[in-house]
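J.: If it helps, the file is called work.cif and holds mmCIF, C-alpha atoms; chains and numbers go by the auth columns:
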data_data
loop_
_atom_site.group_PDB
_atom_site.id
_atom_site.type_symbol
_atom_site.label_atom_id
_atom_site.label_comp_id
_atom_site.label_asym_id
_atom_site.label_seq_id
_atom_site.Cartn_x
_atom_site.Cartn_y
_atom_site.Cartn_z
_atom_site.B_iso_or_equiv
_atom_site.auth_seq_id
_atom_site.auth_asym_id
ATOM 1 C CA MET A 1 83.755 145.282 40.266 0.00 1179 A
ATOM 2 C CA LEU A 2 84.184 147.339 43.358 0.00 1180 A
ATOM 3 C CA TRP A 3 84.138 145.593 46.695 0.00 1181 A
ATOM 4 C CA THR A 4 83.130 147.603 49.679 0.00 1182 A
ATOM 5 C CA ILE A 5 83.484 146.631 53.265 0.00 1183 A
ATOM 6 C CA PRO A 6 79.975 146.355 54.660 0.00 1184 A
ATOM 7 C CA GLY A 7 78.986 148.422 57.637 0.00 1185 A
ATOM 8 C CA PRO A 8 79.112 146.960 61.137 0.00 1186 A
ATOM 9 C CA THR A 9 75.590 145.587 61.122 0.00 1187 A
ATOM 10 C CA GLU A 10 74.350 142.977 63.579 0.00 1188 A
ATOM 11 C CA ALA A 11 73.989 140.356 60.818 0.00 1189 A
ATOM 12 C CA TRP A 12 77.658 140.708 59.877 0.00 1190 A
ATOM 13 C CA ALA A 13 78.793 140.507 63.461 0.00 1191 A
ATOM 14 C CA SER A 14 76.866 137.270 63.780 0.00 1192 A
ATOM 15 C CA ILE A 15 78.395 135.787 60.582 0.00 1193 A
ATOM 16 C CA ILE A 16 81.931 136.694 61.667 0.00 1194 A
ATOM 17 C CA GLY A 17 81.228 135.271 65.100 0.00 1195 A
ATOM 18 C CA HIS A 18 80.170 131.941 63.574 0.00 1196 A
ATOM 19 C CA VAL A 19 83.145 131.743 61.270 0.00 1197 A
ATOM 20 C CA ALA A 20 85.683 132.981 63.790 0.00 1198 A
ATOM 21 C CA TRP A 21 85.399 130.454 66.585 0.00 1199 A
ATOM 22 C CA PRO A 22 86.458 127.378 64.588 0.00 1200 A
ATOM 23 C CA SER A 23 89.472 129.225 63.207 0.00 1201 A
ATOM 24 C CA VAL A 24 90.449 130.493 66.645 0.00 1202 A
ATOM 25 C CA THR A 25 90.085 126.994 68.102 0.00 1203 A
ATOM 26 C CA LEU A 26 92.172 125.534 65.299 0.00 1204 A
ATOM 27 C CA PHE A 27 94.794 128.203 65.806 0.00 1205 A
ATOM 28 C CA LEU A 28 94.961 127.532 69.547 0.00 1206 A
ATOM 29 C CA ILE A 29 95.244 123.764 69.033 0.00 1207 A
ATOM 30 C CA LEU A 30 98.052 124.177 66.511 0.00 1208 A
ATOM 31 C CA ARG A 31 99.789 126.828 68.598 0.00 1209 A
ATOM 32 C CA TYR A 32 99.715 124.767 71.817 0.00 1210 A
ATOM 33 C CA LYS A 33 99.970 121.316 70.206 0.00 1211 A
ATOM 34 C CA THR A 34 103.102 120.258 72.082 0.00 1212 A
ATOM 35 C CA PHE A 35 101.787 121.451 75.418 0.00 1213 A
ATOM 36 C CA LEU A 36 98.426 119.708 74.909 0.00 1214 A
ATOM 37 C CA ARG A 37 100.063 116.454 73.880 0.00 1215 A
ATOM 38 C CA ARG A 38 102.287 116.512 76.969 0.00 1216 A
ATOM 39 C CA TYR A 39 99.287 117.296 79.197 0.00 1217 A
ATOM 40 C CA LEU A 40 97.222 114.410 77.766 0.00 1218 A
ATOM 41 C CA THR A 41 100.148 111.991 78.038 0.00 1219 A
ATOM 42 C CA THR A 42 100.600 112.965 81.682 0.00 1220 A
ATOM 43 C CA ILE A 43 96.897 112.390 82.407 0.00 1221 A
ATOM 44 C CA ALA A 44 97.003 109.012 80.601 0.00 1222 A
ATOM 45 C CA ASP A 45 100.092 108.011 82.599 0.00 1223 A
ATOM 46 C CA ARG A 46 98.479 108.929 85.868 0.00 1224 A
ATOM 47 C CA LEU A 47 95.247 107.063 85.075 0.00 1225 A
ATOM 48 C CA GLU A 48 97.386 104.038 84.391 0.00 1226 A
ATOM 49 C CA THR A 49 99.590 104.184 87.442 0.00 1227 A
ATOM 50 C CA ASP A 50 97.783 106.104 90.189 0.00 1228 A
ATOM 51 C CA HIS A 51 95.129 104.668 92.446 0.00 1229 A
ATOM 52 C CA VAL A 52 92.334 106.119 90.372 0.00 1230 A
ATOM 53 C CA LYS A 53 89.065 104.402 91.300 0.00 1231 A
ATOM 54 C CA PHE A 54 91.167 101.639 92.823 0.00 1232 A
ATOM 55 C CA GLY A 55 88.904 99.539 95.050 0.00 1233 A
ATOM 56 C CA TRP A 56 91.093 98.030 97.734 0.00 1234 A
ATOM 57 C CA PHE A 57 88.734 95.173 98.458 0.00 1235 A
ATOM 58 C CA GLU A 58 87.603 94.640 94.896 0.00 1236 A
ATOM 59 C CA VAL A 59 88.694 91.171 93.743 0.00 1237 A
ATOM 60 C CA ARG A 60 89.813 90.963 90.127 0.00 1238 A
ATOM 61 C CA ALA A 61 90.100 87.751 88.091 0.00 1239 A
ATOM 62 C CA GLN A 62 93.904 87.687 88.338 0.00 1240 A
ATOM 63 C CA ASP A 63 94.064 88.224 92.123 0.00 1241 A
ATOM 64 C CA GLN A 64 95.135 85.443 94.447 0.00 1242 A
ATOM 65 C CA VAL A 65 92.585 84.683 97.175 0.00 1243 A
ATOM 66 C CA ILE A 66 93.455 82.540 100.182 0.00 1244 A
ATOM 67 C CA VAL A 67 90.602 81.651 102.519 0.00 1245 A
ATOM 68 C CA LEU A 68 92.091 80.908 105.934 0.00 1246 A
ATOM 69 C CA ASP A 69 89.108 78.884 107.084 0.00 1247 A
ATOM 70 C CA PRO A 70 89.682 75.095 106.947 0.00 1248 A
ATOM 71 C CA ALA A 71 85.971 74.534 106.253 0.00 1249 A
ATOM 72 C CA LYS A 72 86.212 76.685 103.131 0.00 1250 A
ATOM 73 C CA ALA A 73 89.644 75.535 101.942 0.00 1251 A
ATOM 74 C CA ASP A 74 88.262 74.914 98.434 0.00 1252 A
ATOM 75 C CA LYS A 75 87.101 78.536 98.101 0.00 1253 A
ATOM 76 C CA SER A 76 90.669 79.787 97.607 0.00 1254 A
ATOM 77 C CA SER A 77 91.862 80.574 94.091 0.00 1255 A
ATOM 78 C CA THR A 78 94.342 77.683 94.358 0.00 1256 A
ATOM 79 C CA SER A 79 93.521 74.517 96.252 0.00 1257 A
ATOM 80 C CA TYR A 80 94.774 73.778 99.755 0.00 1258 A
ATOM 81 C CA ASP A 81 93.839 70.947 102.068 0.00 1259 A
ATOM 82 C CA SER A 82 92.321 71.948 105.385 0.00 1260 A
ATOM 83 C CA ASP A 83 95.414 70.965 107.449 0.00 1261 A
ATOM 84 C CA ASP A 84 97.542 73.172 105.230 0.00 1262 A
ATOM 85 C CA VAL A 85 95.128 76.095 105.716 0.00 1263 A
ATOM 86 C CA ASN A 86 95.487 75.686 109.500 0.00 1264 A
ATOM 87 C CA ARG A 87 99.258 75.624 109.122 0.00 1265 A
ATOM 88 C CA ILE A 88 99.315 78.775 106.975 0.00 1266 A
ATOM 89 C CA GLU A 89 97.225 80.705 109.482 0.00 1267 A
ATOM 90 C CA ARG A 90 99.287 79.446 112.429 0.00 1268 A
ATOM 91 C CA MET A 91 102.498 80.456 110.648 0.00 1269 A
ATOM 92 C CA PHE A 92 101.243 84.020 110.237 0.00 1270 A
ATOM 93 C CA GLU A 93 100.269 84.058 113.933 0.00 1271 A
ATOM 94 C CA PHE A 94 103.723 82.760 114.821 0.00 1272 A
ATOM 95 C CA ILE A 95 105.272 85.544 112.709 0.00 1273 A
ATOM 96 C CA ALA A 96 103.249 88.121 114.680 0.00 1274 A
ATOM 97 C CA ASP A 97 105.024 86.967 117.873 0.00 1275 A
ATOM 98 C CA ASN A 98 108.408 88.372 118.843 0.00 1276 A
ATOM 99 C CA GLY A 99 111.184 86.459 117.120 0.00 1277 A
ATOM 100 C CA GLY A 100 108.786 84.299 115.107 0.00 1278 A
ATOM 101 C CA PHE A 101 109.395 86.117 111.838 0.00 1279 A
ATOM 102 C CA GLU A 102 113.176 85.723 112.036 0.00 1280 A
ATOM 103 C CA ALA A 103 113.036 82.108 113.210 0.00 1281 A
ATOM 104 C CA LEU A 104 110.758 81.035 110.400 0.00 1282 A
ATOM 105 C CA ARG A 105 112.584 83.072 107.773 0.00 1283 A
ATOM 106 C CA GLN A 106 115.896 81.514 108.766 0.00 1284 A
ATOM 107 C CA TRP A 107 114.419 78.014 108.701 0.00 1285 A
ATOM 108 C CA ALA A 108 112.944 78.651 105.228 0.00 1286 A
ATOM 109 C CA ALA A 109 116.242 80.042 103.922 0.00 1287 A
ATOM 110 C CA THR A 110 118.031 76.866 105.024 0.00 1288 A
ATOM 111 C CA ALA A 111 115.397 74.234 104.315 0.00 1289 A
ATOM 112 C CA VAL A 112 113.674 75.644 101.216 0.00 1290 A
ATOM 113 C CA GLY A 113 116.467 77.802 99.843 0.00 1291 A
ATOM 114 C CA THR A 114 117.114 81.511 99.458 0.00 1292 A
ATOM 115 C CA GLY A 115 115.873 81.455 95.863 0.00 1293 A
ATOM 116 C CA VAL A 116 112.279 81.091 97.045 0.00 1294 A
ATOM 117 C CA ASP A 117 110.413 84.211 98.175 0.00 1295 A
ATOM 118 C CA PHE A 118 109.381 83.921 101.803 0.00 1296 A
ATOM 119 C CA ASP A 119 105.746 84.742 101.017 0.00 1297 A
ATOM 120 C CA ASP A 120 105.699 82.039 98.329 0.00 1298 A
ATOM 121 C CA PHE A 121 106.891 79.528 100.903 0.00 1299 A
ATOM 122 C CA LEU A 122 104.112 80.674 103.262 0.00 1300 A
ATOM 123 C CA THR A 123 101.275 80.626 100.747 0.00 1301 A
ATOM 124 C CA GLY A 124 102.270 78.679 97.629 0.00 1302 A
ATOM 125 C CA PRO A 125 100.331 75.389 97.249 0.00 1303 A
ATOM 126 C CA GLU A 126 103.543 73.805 95.942 0.00 1304 A
ATOM 127 C CA TYR A 127 105.251 74.332 99.314 0.00 1305 A
ATOM 128 C CA ALA A 128 102.647 72.443 101.399 0.00 1306 A
ATOM 129 C CA THR A 129 105.154 69.658 102.192 0.00 1307 A
ATOM 130 C CA GLN A 130 107.795 72.128 103.339 0.00 1308 A
ATOM 131 C CA ARG A 131 105.245 73.874 105.553 0.00 1309 A
ATOM 132 C CA ALA A 132 104.378 70.546 107.199 0.00 1310 A
ATOM 133 C CA LYS A 133 108.111 69.962 107.692 0.00 1311 A
ATOM 134 C CA ALA A 134 108.480 73.389 109.313 0.00 1312 A
ATOM 135 C CA PHE A 135 105.855 72.379 111.866 0.00 1313 A
ATOM 136 C CA ALA A 136 107.962 69.393 112.832 0.00 1314 A
ATOM 137 C CA GLU A 137 111.200 71.364 113.004 0.00 1315 A
ATOM 138 C CA VAL A 138 110.559 74.964 114.092 0.00 1316 A
ATOM 139 C CA LYS A 139 110.325 75.285 117.847 0.00 1317 A
ATOM 140 C CA GLY A 140 107.182 76.996 119.076 0.00 1318 A
ATOM 141 C CA LEU A 141 105.275 76.667 115.816 0.00 1319 A
ATOM 142 C CA VAL A 142 103.029 73.894 117.142 0.00 1320 A
ATOM 143 C CA GLU A 143 100.754 75.476 119.753 0.00 1321 A
ATOM 144 C CA MET B 1 99.020 96.070 90.438 0.00 67 B
ATOM 145 C CA THR B 2 99.464 92.736 92.206 0.00 68 B
ATOM 146 C CA LYS B 3 96.881 91.966 94.886 0.00 69 B
ATOM 147 C CA LYS B 4 96.663 89.086 97.334 0.00 70 B
ATOM 148 C CA PHE B 5 93.587 88.489 99.435 0.00 71 B
ATOM 149 C CA PHE B 6 93.400 86.623 102.720 0.00 72 B
ATOM 150 C CA THR B 7 89.912 86.078 104.087 0.00 73 B
ATOM 151 C CA SER B 8 88.603 84.659 107.391 0.00 74 B
ATOM 152 C CA VAL B 9 91.842 85.726 109.060 0.00 75 B
ATOM 153 C CA SER B 10 92.274 85.825 112.850 0.00 76 B
ATOM 154 C CA PRO B 11 93.455 89.203 114.221 0.00 77 B
ATOM 155 C CA LYS B 12 96.826 87.756 115.218 0.00 78 B
ATOM 156 C CA ALA B 13 97.410 86.152 111.819 0.00 79 B
ATOM 157 C CA ALA B 14 96.524 89.529 110.228 0.00 80 B
ATOM 158 C CA LEU B 15 99.436 91.063 112.157 0.00 81 B
ATOM 159 C CA GLY B 16 101.746 88.390 110.777 0.00 82 B
ATOM 160 C CA ILE B 17 100.490 88.937 107.219 0.00 83 B
ATOM 161 C CA ARG B 18 101.122 92.663 107.614 0.00 84 B
ATOM 162 C CA LYS B 19 104.669 92.019 108.885 0.00 85 B
ATOM 163 C CA VAL B 20 105.554 89.705 105.987 0.00 86 B
ATOM 164 C CA TYR B 21 104.060 91.738 103.156 0.00 87 B
ATOM 165 C CA GLU B 22 105.124 95.177 104.364 0.00 88 B
ATOM 166 C CA SER B 23 108.679 93.863 104.587 0.00 89 B
ATOM 167 C CA GLU B 24 108.376 92.919 100.908 0.00 90 B
ATOM 168 C CA GLY B 25 107.193 96.372 99.853 0.00 91 B
ATOM 169 C CA TYR B 26 103.459 95.681 99.738 0.00 92 B
ATOM 170 C CA GLU B 27 100.807 98.032 101.080 0.00 93 B
ATOM 171 C CA VAL B 28 98.433 96.205 103.411 0.00 94 B
ATOM 172 C CA ARG B 29 94.790 97.010 104.281 0.00 95 B
ATOM 173 C CA VAL B 30 92.509 95.207 106.710 0.00 96 B
ATOM 174 C CA LYS B 31 88.693 95.058 106.855 0.00 97 B
ATOM 175 C CA THR B 32 86.415 93.370 109.371 0.00 98 B
ATOM 176 C CA GLN B 33 84.061 90.745 107.961 0.00 99 B
ATOM 177 C CA ASP B 34 80.458 90.214 109.108 0.00 100 B
ATOM 178 C CA ASP B 35 81.554 87.183 111.137 0.00 101 B
ATOM 179 C CA GLY B 36 84.143 89.208 113.108 0.00 102 B
ATOM 180 C CA LEU B 37 87.133 87.729 111.295 0.00 103 B
ATOM 181 C CA LEU B 38 89.268 89.862 108.995 0.00 104 B
ATOM 182 C CA THR B 39 89.956 90.282 105.305 0.00 105 B
ATOM 183 C CA VAL B 40 93.515 91.345 104.556 0.00 106 B
ATOM 184 C CA VAL B 41 94.649 92.712 101.210 0.00 107 B
ATOM 185 C CA ALA B 42 98.296 93.078 100.271 0.00 108 B
ATOM 186 C CA ALA B 43 98.861 95.139 97.136 0.00 109 B
ATOM 187 C CA LYS B 44 101.978 96.110 95.276 0.00 110 B
ATOM 188 C CA ARG B 45 102.351 98.286 92.239 0.00 111 B
ATOM 189 C CA SER B 46 103.781 96.250 89.390 0.00 112 B
ATOM 190 C CA GLU B 47 107.136 97.377 88.109 0.00 113 B
ATOM 191 C CA GLU B 48 106.251 99.521 85.140 0.00 114 B
ATOM 192 C CA LYS B 49 108.316 101.500 82.762 0.00 115 B
ATOM 193 C CA ARG B 50 107.216 105.087 83.036 0.00 116 B
ATOM 194 C CA ARG B 51 107.461 107.370 80.109 0.00 117 B
ATOM 195 C CA VAL B 52 110.126 109.989 80.631 0.00 118 B
ATOM 196 C CA HIS B 53 109.564 113.423 79.273 0.00 119 B
ATOM 197 C CA ALA B 54 112.638 115.178 78.010 0.00 120 B
#
How does the structure come out when it is put into structure tokens?
T.:
Amino acid sequence: MLWTIPGPTEAWASIIGHVAWPSVTLFLILRYKTFLRRYLTTIADRLETDHVKFGWFEVRAQDQVIVLDPAKADKSSTSYDSDDVNRIERMFEFIADNGGFEALRQWAATAVGTGVDFDDFLTGPEYATQRAKAFAEVKGLVE
Amino acid sequence: MTKKFFTSVSPKAALGIRKVYESEGYEVRVKTQDDGLLTVVAAKRSEEKRRVHA
């Protein structure tokens, strides 16, 4: 049987066009496989670690919320009594003053210990007693 | 990402919160509430192992 190459008719052009694009796509994917994989990994990494659609004021289930209003002390994610809420807010105000930060940090390092993070001492419900003690001992903390 | 929220904060206490958390490597943002008090958010990226490409 003799095969002849058909003439360049429109129908043939259309058939080749339909068959060609999947093969070209496949070829390109295989040819640039490593590059594509690296590109997708980079995008996945950045979605994971960058601030993509990161709502600053969007509260998630795992976030700690501290309501510094004694009347709404029970609205915090961990419970505080209203006196403690007043103390926490006053401590942050004291820290805003000149020298307050250092004074309170030094007191906490001595009285609570250097193993405790300073922000845990300021906000952790388990340090309520130490905060009350700080009010008795740190000069200038009681208004 | 670790986030800590403080709500109904006085402006002076917000300054103190900023001082404490920025010194610990947090990024701090402040927003005014409807009642004139402030909401302060301190956020820190969790320590994550990043993939290293050879």
J.: Using all atoms listed in the file, determine which residues of chain A fall within 6 Å of chain B; present them as a PDB file with C-alpha atoms, in the frame of the given file.
T.:
ATOM      1  CA  ASP A1241      94.064  88.224  92.123  1.00  0.00           C
ATOM      2  CA  GLN A1242      95.135  85.443  94.447  1.00  0.00           C
ATOM      3  CA  VAL A1243      92.585  84.683  97.175  1.00  0.00           C
ATOM      4  CA  ILE A1244      93.455  82.540 100.182  1.00  0.00           C
ATOM      5  CA  VAL A1245      90.602  81.651 102.519  1.00  0.00           C
ATOM      6  CA  LEU A1246      92.091  80.908 105.934  1.00  0.00           C
ATOM      7  CA  ASP A1247      89.108  78.884 107.084  1.00  0.00           C
ATOM      8  CA  GLU A1267      97.225  80.705 109.482  1.00  0.00           C
ATOM      9  CA  PHE A1270     101.243  84.020 110.237  1.00  0.00           C
ATOM     10  CA  GLU A1271     100.269  84.058 113.933  1.00  0.00           C
ATOM     11  CA  ILE A1273     105.272  85.544 112.709  1.00  0.00           C
ATOM     12  CA  ALA A1274     103.249  88.121 114.680  1.00  0.00           C
TER      13      ALA A1274
END
J.: Given the file shown, enumerate the residues that the PyMOL selection byres ((chain A and resi 1293-1295) around 12) captures and present them as a PyMOL selection string.
T.: (chain A and resi 1283+1286-1292+1296-1302+1304-1305+1308) or (chain B and resi 86-87+89-90)
J.: Which distance in Å separates CA of Arg1216 in chain A and CA of Val1197 in chain A, to one decimal?
T.: 29.1 Å
J.: Any idea what the distance is between CA of Glu1315 in chain A and CA of Asp1275 in chain A?
T.: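 Atom-to-atom, CA of Glu1315 in chain A to CA of Asp1275 in chain A, that is 17.5 Å.
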J.: Taking N, CA and C atoms as the atom set, what does range 1222-1251 of chain A look like once completed, written as a PDB file, in the frame of the given file?
T.:
ATOM      1  N   ALA A1222      97.107 110.439  80.938  1.00  0.00           N
ATOM      2  CA  ALA A1222      97.003 109.012  80.601  1.00  0.00           C
ATOM      3  C   ALA A1222      97.922 108.188  81.494  1.00  0.00           C
ATOM      4  N   ASP A1223      99.133 108.695  81.729  1.00  0.00           N
ATOM      5  CA  ASP A1223     100.092 108.011  82.599  1.00  0.00           C
ATOM      6  C   ASP A1223      99.550 107.862  84.012  1.00  0.00           C
ATOM      7  N   ARG A1224      98.959 108.950  84.489  1.00  0.00           N
ATOM      8  CA  ARG A1224      98.479 108.929  85.868  1.00  0.00           C
ATOM      9  C   ARG A1224      97.266 108.025  86.023  1.00  0.00           C
ATOM     10  N   LEU A1225      96.393 107.981  85.015  1.00  0.00           N
ATOM     11  CA  LEU A1225      95.247 107.063  85.075  1.00  0.00           C
ATOM     12  C   LEU A1225      95.721 105.622  85.141  1.00  0.00           C
ATOM     13  N   GLU A1226      96.849 105.379  84.460  1.00  0.00           N
ATOM     14  CA  GLU A1226      97.386 104.038  84.391  1.00  0.00           C
ATOM     15  C   GLU A1226      98.064 103.626  85.690  1.00  0.00           C
ATOM     16  N   THR A1227      98.741 104.571  86.313  1.00  0.00           N
ATOM     17  CA  THR A1227      99.590 104.184  87.442  1.00  0.00           C
ATOM     18  C   THR A1227      99.096 104.647  88.811  1.00  0.00           C
ATOM     19  N   ASP A1228      98.252 105.648  88.885  1.00  0.00           N
ATOM     20  CA  ASP A1228      97.783 106.104  90.189  1.00  0.00           C
ATOM     21  C   ASP A1228      96.613 105.250  90.651  1.00  0.00           C
ATOM     22  N   HIS A1229      96.241 105.452  91.902  1.00  0.00           N
ATOM     23  CA  HIS A1229      95.129 104.668  92.446  1.00  0.00           C
ATOM     24  C   HIS A1229      93.794 105.305  92.078  1.00  0.00           C
ATOM     25  N   VAL A1230      93.578 105.506  90.784  1.00  0.00           N
ATOM     26  CA  VAL A1230      92.334 106.119  90.372  1.00  0.00           C
ATOM     27  C   VAL A1230      91.233 105.061  90.398  1.00  0.00           C
ATOM     28  N   LYS A1231      90.185 105.333  91.143  1.00  0.00           N
ATOM     29  CA  LYS A1231      89.065 104.402  91.300  1.00  0.00           C
ATOM     30  C   LYS A1231      89.555 102.997  91.645  1.00  0.00           C
ATOM     31  N   PHE A1232      90.595 102.921  92.474  1.00  0.00           N
ATOM     32  CA  PHE A1232      91.167 101.639  92.823  1.00  0.00           C
ATOM     33  C   PHE A1232      90.470 101.123  94.066  1.00  0.00           C
ATOM     34  N   GLY A1233      89.620 100.103  93.908  1.00  0.00           N
ATOM     35  CA  GLY A1233      88.904  99.539  95.050  1.00  0.00           C
ATOM     36  C   GLY A1233      89.800  98.550  95.764  1.00  0.00           C
ATOM     37  N   TRP A1234      90.170  98.891  96.993  1.00  0.00           N
ATOM     38  CA  TRP A1234      91.093  98.030  97.734  1.00  0.00           C
ATOM     39  C   TRP A1234      90.566  96.616  97.891  1.00  0.00           C
ATOM     40  N   PHE A1235      89.273  96.497  98.168  1.00  0.00           N
ATOM     41  CA  PHE A1235      88.734  95.173  98.458  1.00  0.00           C
ATOM     42  C   PHE A1235      87.954  94.596  97.275  1.00  0.00           C
ATOM     43  N   GLU A1236      88.252  95.118  96.122  1.00  0.00           N
ATOM     44  CA  GLU A1236      87.603  94.640  94.896  1.00  0.00           C
ATOM     45  C   GLU A1236      88.467  93.520  94.296  1.00  0.00           C
ATOM     46  N   VAL A1237      87.914  92.307  94.247  1.00  0.00           N
ATOM     47  CA  VAL A1237      88.694  91.171  93.743  1.00  0.00           C
ATOM     48  C   VAL A1237      88.617  91.137  92.220  1.00  0.00           C
ATOM     49  N   ARG A1238      89.774  91.078  91.580  1.00  0.00           N
ATOM     50  CA  ARG A1238      89.813  90.963  90.127  1.00  0.00           C
ATOM     51  C   ARG A1238      90.156  89.513  89.772  1.00  0.00           C
ATOM     52  N   ALA A1239      89.920  89.144  88.517  1.00  0.00           N
ATOM     53  CA  ALA A1239      90.100  87.751  88.091  1.00  0.00           C
ATOM     54  C   ALA A1239      91.516  87.242  88.364  1.00  0.00           C
ATOM     55  N   GLN A1240      92.513  88.142  88.218  1.00  0.00           N
ATOM     56  CA  GLN A1240      93.904  87.687  88.338  1.00  0.00           C
ATOM     57  C   GLN A1240      94.424  87.686  89.773  1.00  0.00           C
ATOM     58  N   ASP A1241      93.585  88.137  90.744  1.00  0.00           N
ATOM     59  CA  ASP A1241      94.064  88.224  92.123  1.00  0.00           C
ATOM     60  C   ASP A1241      94.057  86.867  92.824  1.00  0.00           C
ATOM     61  N   GLN A1242      95.063  86.686  93.673  1.00  0.00           N
ATOM     62  CA  GLN A1242      95.135  85.443  94.447  1.00  0.00           C
ATOM     63  C   GLN A1242      94.297  85.600  95.722  1.00  0.00           C
ATOM     64  N   VAL A1243      93.422  84.631  95.975  1.00  0.00           N
ATOM     65  CA  VAL A1243      92.585  84.683  97.175  1.00  0.00           C
ATOM     66  C   VAL A1243      92.868  83.444  98.017  1.00  0.00           C
ATOM     67  N   ILE A1244      93.201  83.661  99.279  1.00  0.00           N
ATOM     68  CA  ILE A1244      93.455  82.540 100.182  1.00  0.00           C
ATOM     69  C   ILE A1244      92.474  82.633 101.336  1.00  0.00           C
ATOM     70  N   VAL A1245      91.592  81.649 101.448  1.00  0.00           N
ATOM     71  CA  VAL A1245      90.602  81.651 102.519  1.00  0.00           C
ATOM     72  C   VAL A1245      91.180  80.873 103.694  1.00  0.00           C
ATOM     73  N   LEU A1246      91.450  81.572 104.794  1.00  0.00           N
ATOM     74  CA  LEU A1246      92.091  80.908 105.934  1.00  0.00           C
ATOM     75  C   LEU A1246      91.047  80.295 106.880  1.00  0.00           C
ATOM     76  N   ASP A1247      90.109  79.592 106.298  1.00  0.00           N
ATOM     77  CA  ASP A1247      89.108  78.884 107.084  1.00  0.00           C
ATOM     78  C   ASP A1247      89.112  77.443 106.566  1.00  0.00           C
ATOM     79  N   PRO A1248      89.541  76.477 107.415  1.00  0.00           N
ATOM     80  CA  PRO A1248      89.682  75.095 106.947  1.00  0.00           C
ATOM     81  C   PRO A1248      88.402  74.549 106.326  1.00  0.00           C
ATOM     82  N   ALA A1249      87.238  75.026 106.789  1.00  0.00           N
ATOM     83  CA  ALA A1249      85.971  74.534 106.253  1.00  0.00           C
ATOM     84  C   ALA A1249      85.722  75.031 104.825  1.00  0.00           C
ATOM     85  N   LYS A1250      86.417  76.116 104.472  1.00  0.00           N
ATOM     86  CA  LYS A1250      86.212  76.685 103.131  1.00  0.00           C
ATOM     87  C   LYS A1250      87.509  76.647 102.322  1.00  0.00           C
ATOM     88  N   ALA A1251      88.332  75.626 102.593  1.00  0.00           N
ATOM     89  CA  ALA A1251      89.644  75.535 101.942  1.00  0.00           C
ATOM     90  C   ALA A1251      89.534  75.529 100.416  1.00  0.00           C
TER      91      ALA A1251
END
